[in-house]
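Colleague: work_34.cif (mmCIF, C-alpha atoms) pasted underneath:
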```cif
data_my_file
loop_
_atom_site.group_PDB
_atom_site.id
_atom_site.type_symbol
_atom_site.label_atom_id
_atom_site.label_comp_id
_atom_site.auth_asym_id
_atom_site.auth_seq_id
_atom_site.Cartn_x
_atom_site.Cartn_y
_atom_site.Cartn_z
ATOM 1 C CA MET E 1251 5.983 -6.074 0.831
ATOM 2 C CA HIS E 1252 2.373 -4.917 0.969
ATOM 3 C CA ALA E 1253 1.788 -2.523 3.823
ATOM 4 C CA THR E 1254 -2.009 -2.607 3.432
ATOM 5 C CA MET E 1255 -3.603 -3.536 6.753
ATOM 6 C CA ARG E 1256 -6.233 -6.217 6.457
ATOM 7 C CA ARG E 1257 -9.380 -5.392 8.398
ATOM 8 C CA LYS E 1258 -11.413 -8.133 10.065
ATOM 9 C CA PRO E 1259 -15.104 -7.365 9.553
ATOM 10 C CA GLY E 1260 -16.536 -5.441 12.497
ATOM 11 C CA ILE E 1261 -13.145 -4.773 14.085
ATOM 12 C CA LEU E 1262 -11.936 -1.222 14.603
ATOM 13 C CA PHE E 1263 -8.261 -0.339 14.953
ATOM 14 C CA PRO E 1264 -7.443 1.539 18.199
ATOM 15 C CA ILE E 1265 -6.849 4.825 16.352
ATOM 16 C CA GLU E 1266 -10.207 4.467 14.594
ATOM 17 C CA LEU E 1267 -11.913 3.821 17.890
ATOM 18 C CA SER E 1268 -10.321 6.937 19.417
ATOM 19 C CA LEU E 1269 -11.294 9.086 16.425
ATOM 20 C CA LEU E 1270 -14.882 7.826 16.358
ATOM 21 C CA GLU E 1271 -15.331 8.296 20.119
ATOM 22 C CA ALA E 1272 -13.934 11.820 19.926
ATOM 23 C CA ALA E 1273 -16.124 12.646 16.901
ATOM 24 C CA ILE E 1274 -19.281 11.387 18.612
ATOM 25 C CA ASP E 1275 -18.351 13.350 21.716
ATOM 26 C CA LEU E 1276 -17.974 16.485 19.577
ATOM 27 C CA ARG E 1277 -21.338 15.809 17.957
ATOM 28 C CA LEU E 1278 -23.007 15.521 21.362
ATOM 29 C CA ARG E 1279 -21.560 18.935 22.172
ATOM 30 C CA GLY E 1280 -23.067 20.383 18.988
ATOM 31 C CA THR E 1281 -20.203 20.051 16.476
ATOM 32 C CA ALA E 1282 -21.439 17.716 13.760
ATOM 33 C CA GLU E 1283 -18.422 18.062 11.461
ATOM 34 C CA PHE E 1284 -14.749 17.989 12.340
ATOM 35 C CA TYR E 1285 -11.442 18.533 10.552
ATOM 36 C CA GLY E 1286 -8.036 16.914 11.071
ATOM 37 C CA PHE E 1287 -6.501 19.290 13.580
ATOM 38 C CA MET E 1288 -9.738 19.594 15.558
ATOM 39 C CA ILE E 1289 -10.094 15.845 16.025
ATOM 40 C CA ALA E 1290 -6.372 15.457 16.842
ATOM 41 C CA THR E 1291 -6.748 18.086 19.588
ATOM 42 C CA GLU E 1292 -9.912 16.425 20.881
ATOM 43 C CA VAL E 1293 -8.261 12.973 21.002
ATOM 44 C CA SER E 1294 -5.207 14.318 22.815
ATOM 45 C CA GLU E 1295 -7.401 16.102 25.392
ATOM 46 C CA ARG E 1296 -9.499 12.990 25.983
ATOM 47 C CA GLU E 1297 -6.433 10.771 26.371
ATOM 48 C CA GLY E 1298 -4.279 13.315 28.207
ATOM 49 C CA ALA E 1299 -1.533 13.026 25.580
ATOM 50 C CA ARG E 1300 0.945 15.875 25.219
ATOM 51 C CA LEU E 1301 1.643 15.167 21.563
ATOM 52 C CA LEU E 1302 -1.159 15.332 19.012
ATOM 53 C CA THR E 1303 -1.716 12.343 16.706
ATOM 54 C CA ALA E 1304 1.037 12.315 14.055
ATOM 55 C CA TYR E 1305 0.125 13.805 10.668
ATOM 56 C CA GLY E 1306 0.692 10.546 8.799
ATOM 57 C CA THR E 1307 -1.163 8.390 11.336
ATOM 58 C CA LEU E 1308 -4.131 10.757 11.493
ATOM 59 C CA TYR E 1309 -4.701 11.304 7.778
ATOM 60 C CA LYS E 1310 -4.018 7.692 6.879
ATOM 61 C CA ALA E 1311 -6.607 6.563 9.463
ATOM 62 C CA LEU E 1312 -9.187 9.090 8.219
ATOM 63 C CA SER E 1313 -8.619 7.990 4.622
ATOM 64 C CA ARG E 1314 -9.014 4.307 5.618
ATOM 65 C CA MET E 1315 -12.156 5.100 7.618
ATOM 66 C CA GLU E 1316 -13.673 6.943 4.693
ATOM 67 C CA LYS E 1317 -12.992 3.969 2.411
ATOM 68 C CA ALA E 1318 -14.665 1.706 4.974
ATOM 69 C CA GLY E 1319 -17.700 4.016 5.102
ATOM 70 C CA LEU E 1320 -17.192 4.919 8.783
ATOM 71 C CA VAL E 1321 -16.894 8.629 8.001
ATOM 72 C CA GLU E 1322 -17.602 10.814 4.988
ATOM 73 C CA SER E 1323 -15.943 14.048 3.997
ATOM 74 C CA ARG E 1324 -16.422 17.206 1.967
ATOM 75 C CA TRP E 1325 -14.204 20.172 1.272
ATOM 76 C CA GLU E 1326 -15.227 23.401 2.927
ATOM 77 C CA ASP E 1327 -16.542 26.253 0.786
ATOM 78 C CA PRO E 1328 -13.416 28.186 -0.331
ATOM 79 C CA LEU E 1329 -15.197 31.477 0.304
ATOM 80 C CA VAL E 1330 -15.647 30.651 3.993
ATOM 81 C CA ALA E 1331 -11.958 29.793 4.329
ATOM 82 C CA ALA E 1332 -10.903 32.884 2.385
ATOM 83 C CA SER E 1333 -13.086 35.123 4.531
ATOM 84 C CA GLU E 1334 -11.282 33.816 7.623
ATOM 85 C CA GLY E 1335 -7.886 34.061 5.912
ATOM 86 C CA ARG E 1336 -6.906 30.394 6.240
ATOM 87 C CA PRO E 1337 -6.573 27.288 4.030
ATOM 88 C CA ARG E 1338 -9.680 25.211 3.282
ATOM 89 C CA ARG E 1339 -10.570 22.500 5.772
ATOM 90 C CA ARG E 1340 -11.643 18.986 4.867
ATOM 91 C CA LEU E 1341 -14.734 18.405 6.962
ATOM 92 C CA TYR E 1342 -15.594 14.902 8.142
ATOM 93 C CA CYS E 1343 -18.679 13.497 9.811
ATOM 94 C CA VAL E 1344 -19.392 10.086 11.282
ATOM 95 C CA THR E 1345 -21.824 8.020 9.199
ATOM 96 C CA ALA E 1346 -24.518 5.660 10.459
ATOM 97 C CA VAL E 1347 -22.101 2.791 9.657
ATOM 98 C CA GLY E 1348 -19.443 4.448 11.821
ATOM 99 C CA GLN E 1349 -21.875 4.940 14.690
ATOM 100 C CA ALA E 1350 -23.003 1.306 14.461
ATOM 101 C CA ALA E 1351 -19.376 0.097 14.377
ATOM 102 C CA LEU E 1352 -18.594 2.141 17.491
ATOM 103 C CA ALA E 1353 -21.694 0.854 19.308
ATOM 104 C CA LYS E 1354 -20.781 -2.732 18.382
ATOM 105 C CA SER E 1355 -17.216 -2.238 19.558
ATOM 106 C CA ALA E 1356 -18.434 -0.791 22.877
ATOM 107 C CA GLU E 1357 -20.811 -3.749 23.287
ATOM 108 C CA LYS E 1358 -17.961 -6.193 22.656
ATOM 109 C CA GLU E 1359 -15.810 -4.399 25.212
ATOM 110 C CA ARG E 1360 -18.614 -4.579 27.802
ATOM 111 C CA GLY E 1361 -19.036 -8.310 27.082
ATOM 112 C CA ARG E 1362 -15.305 -8.873 27.458
ATOM 113 C CA LYS E 1363 -15.220 -6.993 30.788
ATOM 114 C CA ALA E 1364 -18.283 -8.875 32.054
ATOM 115 C CA SER E 1365 -16.726 -12.249 31.203
ATOM 116 C CA LEU E 1366 -13.500 -11.254 32.981
ATOM 117 C CA GLU E 1367 -15.435 -10.182 36.088
ATOM 118 C CA SER E 1368 -17.515 -13.377 36.144
ATOM 119 C CA ARG E 1369 -14.393 -15.583 36.167
ATOM 120 C CA PRO E 1370 -13.567 -17.058 39.581
ATOM 121 C CA ALA E 1371 -10.648 -15.246 41.158
ATOM 122 C CA LEU E 1372 -7.376 -17.175 41.480
ATOM 123 C CA SER E 1373 -6.198 -17.420 45.057
ATOM 124 C CA MET X 881 15.580 24.668 14.644
ATOM 125 C CA SER X 882 12.512 26.899 14.356
ATOM 126 C CA ALA X 883 8.856 25.952 13.885
ATOM 127 C CA ALA X 884 8.935 27.583 10.440
ATOM 128 C CA PHE X 885 11.915 25.431 9.432
ATOM 129 C CA VAL X 886 10.131 22.250 10.553
ATOM 130 C CA GLU X 887 7.034 23.455 8.725
ATOM 131 C CA SER X 888 8.998 23.724 5.473
ATOM 132 C CA ILE X 889 10.502 20.239 6.021
ATOM 133 C CA ILE X 890 6.967 18.849 6.511
ATOM 134 C CA ARG X 891 5.812 20.577 3.304
ATOM 135 C CA LEU X 892 8.794 19.180 1.424
ATOM 136 C CA TRP X 893 8.185 15.673 2.798
ATOM 137 C CA THR X 894 4.467 15.806 1.947
ATOM 138 C CA GLY X 895 5.343 16.921 -1.574
ATOM 139 C CA LEU X 896 7.794 14.010 -1.888
ATOM 140 C CA TYR X 897 5.572 11.175 -0.713
ATOM 141 C CA THR X 898 2.588 12.379 -2.740
ATOM 142 C CA LYS X 899 4.701 12.762 -5.900
ATOM 143 C CA GLY X 900 3.635 10.492 -8.744
ATOM 144 C CA LEU X 901 0.227 9.728 -7.222
ATOM 145 C CA PRO X 902 -2.964 10.708 -9.072
ATOM 146 C CA PRO X 903 -2.958 14.543 -8.997
ATOM 147 C CA GLU X 904 -6.256 14.883 -7.111
ATOM 148 C CA LEU X 905 -5.230 12.425 -4.400
ATOM 149 C CA GLY X 906 -1.854 14.106 -3.863
ATOM 150 C CA ALA X 907 -3.378 17.592 -3.868
ATOM 151 C CA GLU X 908 -5.982 16.573 -1.276
ATOM 152 C CA ARG X 909 -3.362 15.180 1.106
ATOM 153 C CA ARG X 910 -1.150 18.261 0.708
ATOM 154 C CA ALA X 911 -4.164 20.544 1.323
ATOM 155 C CA GLU X 912 -5.082 18.626 4.500
ATOM 156 C CA VAL X 913 -1.554 18.857 5.896
ATOM 157 C CA GLU X 914 -1.377 22.522 4.904
ATOM 158 C CA SER X 915 -4.629 23.223 6.758
ATOM 159 C CA ASP X 916 -3.371 21.315 9.817
ATOM 160 C CA LEU X 917 -0.113 23.324 9.858
ATOM 161 C CA TRP X 918 -2.054 26.557 9.679
ATOM 162 C CA GLU X 919 -4.462 25.508 12.436
ATOM 163 C CA ASP X 920 -1.779 24.392 14.879
ATOM 164 C CA GLY X 921 0.345 27.465 14.188
ATOM 165 C CA SER X 922 -2.677 29.638 14.797
ATOM 166 C CA LEU X 923 -3.635 27.902 18.051
ATOM 167 C CA TRP X 924 -0.105 27.909 19.440
ATOM 168 C CA ARG X 925 0.381 31.589 18.596
ATOM 169 C CA GLU X 926 -2.948 32.332 20.267
ATOM 170 C CA ARG X 927 -1.939 30.527 23.445
ATOM 171 C CA GLY X 928 1.598 31.887 23.346
ATOM 172 C CA LEU X 929 3.215 28.494 23.884
ATOM 173 C CA SER X 930 6.771 27.763 22.849
ATOM 174 C CA SER X 931 6.887 24.048 22.060
ATOM 175 C CA LEU X 932 5.373 24.268 18.569
ATOM 176 C CA THR X 933 8.682 23.151 17.004
ATOM 177 C CA MET X 934 8.856 19.941 19.053
ATOM 178 C CA GLN X 935 5.123 19.304 18.559
ATOM 179 C CA ARG X 936 5.493 19.556 14.774
ATOM 180 C CA LEU X 937 8.750 17.613 14.695
ATOM 181 C CA GLY X 938 7.243 14.800 16.772
ATOM 182 C CA ARG X 939 4.042 14.653 14.719
ATOM 183 C CA TRP X 940 6.037 14.567 11.501
ATOM 184 C CA LEU X 941 8.619 11.955 12.557
ATOM 185 C CA LEU X 942 6.089 9.597 14.168
ATOM 186 C CA GLY X 943 3.878 9.790 11.108
ATOM 187 C CA ILE X 944 6.549 8.928 8.516
ATOM 188 C CA PRO X 945 5.895 5.133 8.543
ATOM 189 C CA ALA X 946 2.140 5.793 8.084
ATOM 190 C CA ASP X 947 2.857 8.244 5.241
ATOM 191 C CA LEU X 948 4.950 5.649 3.439
ATOM 192 C CA SER X 949 2.484 2.818 3.993
ATOM 193 C CA TRP X 950 -0.387 5.080 2.843
ATOM 194 C CA ARG X 951 1.565 5.741 -0.340
ATOM 195 C CA LEU X 952 2.136 2.008 -0.825
ATOM 196 C CA GLU X 953 -1.574 1.377 -0.262
ATOM 197 C CA GLN X 954 -2.408 3.826 -3.043
ATOM 198 C CA ILE X 955 -0.040 1.926 -5.321
ATOM 199 C CA GLY X 956 -1.479 -1.400 -4.115
ATOM 200 C CA SER X 957 -5.023 -0.358 -4.995
ATOM 201 C CA ARG X 958 -3.982 0.644 -8.531
ATOM 202 C CA LYS X 959 -6.247 -2.004 -10.059
ATOM 203 C CA GLU X 960 -9.174 0.283 -9.334
ATOM 204 C CA ARG X 961 -7.587 3.151 -11.259
ATOM 205 C CA PRO X 962 -7.519 4.031 -14.964
ATOM 206 C CA GLN X 963 -4.814 2.401 -17.105
ATOM 207 C CA GLU X 964 -2.838 5.613 -17.591
ATOM 208 C CA THR X 965 -2.440 6.207 -13.848
ATOM 209 C CA GLN X 966 -1.588 2.534 -13.271
ATOM 210 C CA HIS X 967 1.312 2.791 -15.678
ATOM 211 C CA LYS X 968 2.643 5.872 -13.932
ATOM 212 C CA LEU X 969 2.436 4.260 -10.483
ATOM 213 C CA GLU X 970 4.041 1.008 -11.577
ATOM 214 C CA ARG X 971 7.108 2.892 -12.640
ATOM 215 C CA THR X 972 7.495 4.355 -9.130
ATOM 216 C CA ILE X 973 8.339 1.156 -7.252
ATOM 217 C CA LYS X 974 9.487 -2.338 -8.133
ATOM 218 C CA MET X 975 8.681 -5.021 -5.591
ATOM 219 C CA PRO X 976 11.563 -7.416 -4.814
ATOM 220 C CA THR X 977 10.928 -10.960 -5.944
ATOM 221 C CA THR X 978 13.221 -13.186 -3.838
ATOM 222 C CA LEU X 979 13.283 -13.559 -0.064
ATOM 223 C CA ALA X 980 16.887 -12.315 0.063
ATOM 224 C CA GLN X 981 15.973 -9.177 -1.892
ATOM 225 C CA ARG X 982 12.987 -8.541 0.379
ATOM 226 C CA GLY X 983 15.177 -9.007 3.448
ATOM 227 C CA MET X 984 17.763 -6.601 2.057
ATOM 228 C CA LEU X 985 15.089 -4.003 1.235
ATOM 229 C CA GLY X 986 13.547 -4.395 4.703
ATOM 230 C CA PHE X 987 16.979 -3.931 6.312
ATOM 231 C CA VAL X 988 17.710 -0.790 4.290
ATOM 232 C CA VAL X 989 14.270 0.677 5.091
ATOM 233 C CA LEU X 990 14.693 -0.087 8.806
ATOM 234 C CA LEU X 991 18.165 1.443 8.812
ATOM 235 C CA ALA X 992 16.885 4.563 7.059
ATOM 236 C CA GLY X 993 14.013 4.794 9.572
ATOM 237 C CA PHE X 994 16.519 4.402 12.431
ATOM 238 C CA PHE X 995 18.562 7.305 11.056
ATOM 239 C CA ILE X 996 15.489 9.509 10.745
ATOM 240 C CA VAL X 997 14.452 8.835 14.341
ATOM 241 C CA MET X 998 17.993 9.016 15.745
ATOM 242 C CA GLY X 999 18.685 12.370 14.063
ATOM 243 C CA PRO X 1000 16.860 14.489 16.651
ATOM 244 C CA VAL X 1001 18.276 12.354 19.483
ATOM 245 C CA SER X 1002 21.866 12.868 18.359
ATOM 246 C CA PHE X 1003 21.022 16.532 17.814
ATOM 247 C CA LEU X 1004 20.272 16.820 21.518
ATOM 248 C CA PHE X 1005 22.877 14.492 23.023
ATOM 249 C CA ALA X 1006 25.943 14.716 20.733
ATOM 250 C CA GLY X 1007 29.222 15.193 22.605
ATOM 251 C CA SER X 1008 31.467 13.557 25.188
ATOM 252 C CA GLU X 1009 33.905 14.487 27.966
ATOM 253 C CA ASP X 1010 36.613 15.229 25.388
ATOM 254 C CA TRP X 1011 34.442 17.020 22.902
ATOM 255 C CA GLN X 1012 31.698 19.529 23.535
ATOM 256 C CA PRO X 1013 30.043 20.364 20.200
ATOM 257 C CA THR X 1014 28.991 23.838 19.134
ATOM 258 C CA THR X 1015 25.356 24.517 18.194
ATOM 259 C CA PHE X 1016 26.320 24.199 14.528
ATOM 260 C CA GLU X 1017 27.938 20.804 15.131
ATOM 261 C CA ARG X 1018 24.901 19.617 17.112
ATOM 262 C CA ALA X 1019 22.599 20.685 14.289
ATOM 263 C CA PHE X 1020 24.895 18.995 11.754
ATOM 264 C CA PHE X 1021 24.940 15.654 13.590
ATOM 265 C CA GLY X 1022 21.181 15.878 14.085
ATOM 266 C CA ILE X 1023 20.082 16.855 10.615
ATOM 267 C CA VAL X 1024 22.537 14.815 8.517
ATOM 268 C CA PRO X 1025 21.139 11.399 9.613
ATOM 269 C CA ILE X 1026 17.571 12.616 8.919
ATOM 270 C CA VAL X 1027 18.593 13.802 5.464
ATOM 271 C CA ALA X 1028 20.506 10.556 4.736
ATOM 272 C CA GLY X 1029 17.567 8.355 5.812
ATOM 273 C CA SER X 1030 15.067 10.476 3.912
ATOM 274 C CA MET X 1031 17.220 10.364 0.757
ATOM 275 C CA ILE X 1032 17.228 6.583 0.815
ATOM 276 C CA LEU X 1033 13.467 6.296 1.402
ATOM 277 C CA THR X 1034 12.833 8.904 -1.280
ATOM 278 C CA GLY X 1035 15.037 7.014 -3.731
ATOM 279 C CA LEU X 1036 13.179 3.786 -2.976
ATOM 280 C CA TYR X 1037 9.588 4.939 -2.796
ATOM 281 C CA VAL X 1038 9.172 8.276 -4.515
ATOM 282 C CA ILE X 1039 11.399 8.549 -7.590
ATOM 283 C CA PRO X 1040 10.222 6.523 -10.627
ATOM 284 C CA ILE X 1041 12.329 3.464 -11.462
ATOM 285 C CA SER X 1042 13.135 4.757 -14.927
ATOM 286 C CA SER X 1043 14.455 8.075 -13.592
ATOM 287 C CA PRO X 1044 18.246 8.612 -13.826
ATOM 288 C CA TRP X 1045 17.941 10.451 -10.466
ATOM 289 C CA ARG X 1046 16.809 7.316 -8.611
ATOM 290 C CA ARG X 1047 20.200 5.780 -7.781
ATOM 291 C CA SER X 1048 21.741 9.063 -6.771
ATOM 292 C CA PRO X 1049 19.830 9.680 -3.485
ATOM 293 C CA ILE X 1050 20.043 6.016 -2.439
ATOM 294 C CA GLY X 1051 23.788 5.893 -3.089
ATOM 295 C CA ARG X 1052 24.534 9.231 -1.429
ATOM 296 C CA GLY X 1053 22.342 8.414 1.550
ATOM 297 C CA ALA X 1054 24.149 5.086 1.982
ATOM 298 C CA ILE X 1055 27.575 6.789 1.769
ATOM 299 C CA VAL X 1056 26.567 9.327 4.441
ATOM 300 C CA MET X 1057 25.338 6.482 6.667
ATOM 301 C CA ALA X 1058 28.643 4.627 6.206
ATOM 302 C CA LEU X 1059 30.641 7.780 7.007
ATOM 303 C CA LEU X 1060 28.682 8.361 10.200
ATOM 304 C CA ARG X 1061 29.333 4.689 11.151
ATOM 305 C CA VAL X 1062 26.140 4.311 13.164
#
```
Please render this file's structure as structure tokens.
Modeller:
Amino acid sequence: MHATMRRKPGILFPIELSLLEAAIDLRLRGTAEFYGFMIATEVSEREGARLLTAYGTLYKALSRMEKAGLVESRWEDPLVAASEGRPRRRLYCVTAVGQAALAKSAEKERGRKASLESRPALS
Amino acid sequence: MSAAFVESIIRLWTGLYTKGLPPELGAERRAEVESDLWEDGSLWRERGLSSLTMQRLGRWLLGIPADLSWRLEQIGSRKERPQETQHKLERTIKMPTTLAQRGMLGFVVLLAGFFIVMGPVSFLFAGSEDWQPTTFERAFFGIVPIVAGSMILTGLYVIPISSPWRRSPIGRGAIVMALLRV
């Protein structure tokens, strides 16, 4: 019973797609790095979900994405966290590989939509 | 059930499923969850909203399958780790060899998962025309299935095979399930 999900090259899981889109959106608004809770909030706002992404789902996806090179992470300086009186955050940022994977996925989606629209309608 | 109580359950659960993993890996996951709990508590207090308990409970329950599969993935990728860590991980879980054993294990895991999910539901909807439960009884019928399911999963996936404590949670969890007759 191996629970490891096998990834087809170039294919993003839906949760990965959501996280990458939200991260790129944050970057465009000037936030280059994100942490778990921040990205969960961003995803839920974008998708209009009342419940944030589950802890297990979120951190498993981020760990898988880091292994795949889609994101990279670093631990925040403990002094910064201590000065704000909170635990340290693990800060992630989308890599060039992640950006390319997202662009490729968007291109595929556009191609799929275009082929659906070009099909003759059934009457 | 308060948000602080759910928070301590989440801490306990995170400690359990990261037990026996390489120390750095386990510590990183616990630190990430800890940070998340602090952030959401802070935001909800700031906004003065009241559904923090349900938000945390939902995020925890829905993430349990991913937590367990993440743990299994760490065990599955043990070939990349030093020999000493490999040995420690191998003692944590023994994969069933025959189809019947796999089926049995799958059934037990599904049943335990069902109990964990049904706990909060029975917590809310316990009772009938003849019997209206008190708050204590509602909490009892809600929390006991979660505890029973978690004990079984913990016995299977967290406690090392060689440990004398391994059979105890599985057996007790199974007895509780049988007594509840769900």
Colleague: Could you list the residues chosen by the PyMOL selection byres ((chain E) within 9 of (chain X)) in this structure as a PDB file with C-alpha atoms, in the coordinates of the input?
Modeller:
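Result file is part_5.pdb:
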```pdb
ATOM      1  CA  MET E1251       5.983  -6.074   0.831  1.00  0.00           C
ATOM      2  CA  HIS E1252       2.373  -4.917   0.969  1.00  0.00           C
ATOM      3  CA  ALA E1253       1.788  -2.523   3.823  1.00  0.00           C
ATOM      4  CA  THR E1254      -2.009  -2.607   3.432  1.00  0.00           C
ATOM      5  CA  MET E1255      -3.603  -3.536   6.753  1.00  0.00           C
ATOM      6  CA  TYR E1285     -11.442  18.533  10.552  1.00  0.00           C
ATOM      7  CA  GLY E1286      -8.036  16.914  11.071  1.00  0.00           C
ATOM      8  CA  PHE E1287      -6.501  19.290  13.580  1.00  0.00           C
ATOM      9  CA  MET E1288      -9.738  19.594  15.558  1.00  0.00           C
ATOM     10  CA  ARG E1300       0.945  15.875  25.219  1.00  0.00           C
ATOM     11  CA  LEU E1301       1.643  15.167  21.563  1.00  0.00           C
ATOM     12  CA  LEU E1302      -1.159  15.332  19.012  1.00  0.00           C
ATOM     13  CA  THR E1303      -1.716  12.343  16.706  1.00  0.00           C
ATOM     14  CA  ALA E1304       1.037  12.315  14.055  1.00  0.00           C
ATOM     15  CA  TYR E1305       0.125  13.805  10.668  1.00  0.00           C
ATOM     16  CA  GLY E1306       0.692  10.546   8.799  1.00  0.00           C
ATOM     17  CA  THR E1307      -1.163   8.390  11.336  1.00  0.00           C
ATOM     18  CA  LEU E1308      -4.131  10.757  11.493  1.00  0.00           C
ATOM     19  CA  TYR E1309      -4.701  11.304   7.778  1.00  0.00           C
ATOM     20  CA  LYS E1310      -4.018   7.692   6.879  1.00  0.00           C
ATOM     21  CA  ALA E1311      -6.607   6.563   9.463  1.00  0.00           C
ATOM     22  CA  SER E1313      -8.619   7.990   4.622  1.00  0.00           C
ATOM     23  CA  ARG E1336      -6.906  30.394   6.240  1.00  0.00           C
ATOM     24  CA  PRO E1337      -6.573  27.288   4.030  1.00  0.00           C
ATOM     25  CA  ARG E1338      -9.680  25.211   3.282  1.00  0.00           C
ATOM     26  CA  ARG E1339     -10.570  22.500   5.772  1.00  0.00           C
ATOM     27  CA  ARG E1340     -11.643  18.986   4.867  1.00  0.00           C
TER      28      ARG E1340
END
```
Colleague: For the provided coordinates, the residues matched by the PyMOL selection byres ((chain E and resi 1271) around 12) should be stated as a ChimeraX atom specification.
Modeller: /E:1262,1264-1270,1272-1278,1289-1290,1292-1293,1296-1297,1320,1344,1348-1353,1355-1356
Colleague: So what do you get for atom CA of E:Cys1343 versus atom CA of E:Arg1360, distance-wise?
Modeller: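 Separating atom CA of E:Cys1343 from atom CA of E:Arg1360 is a distance of 25.5 Å.
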Colleague: Using only C-alpha atoms, which residues sit within 9 Å of X:Val997 once same-chain residues fewer than 4 positions away are excluded, as an MDAnalysis selection string?
Modeller: chainID X and resid 941:942 992:993 1001 1025:1026
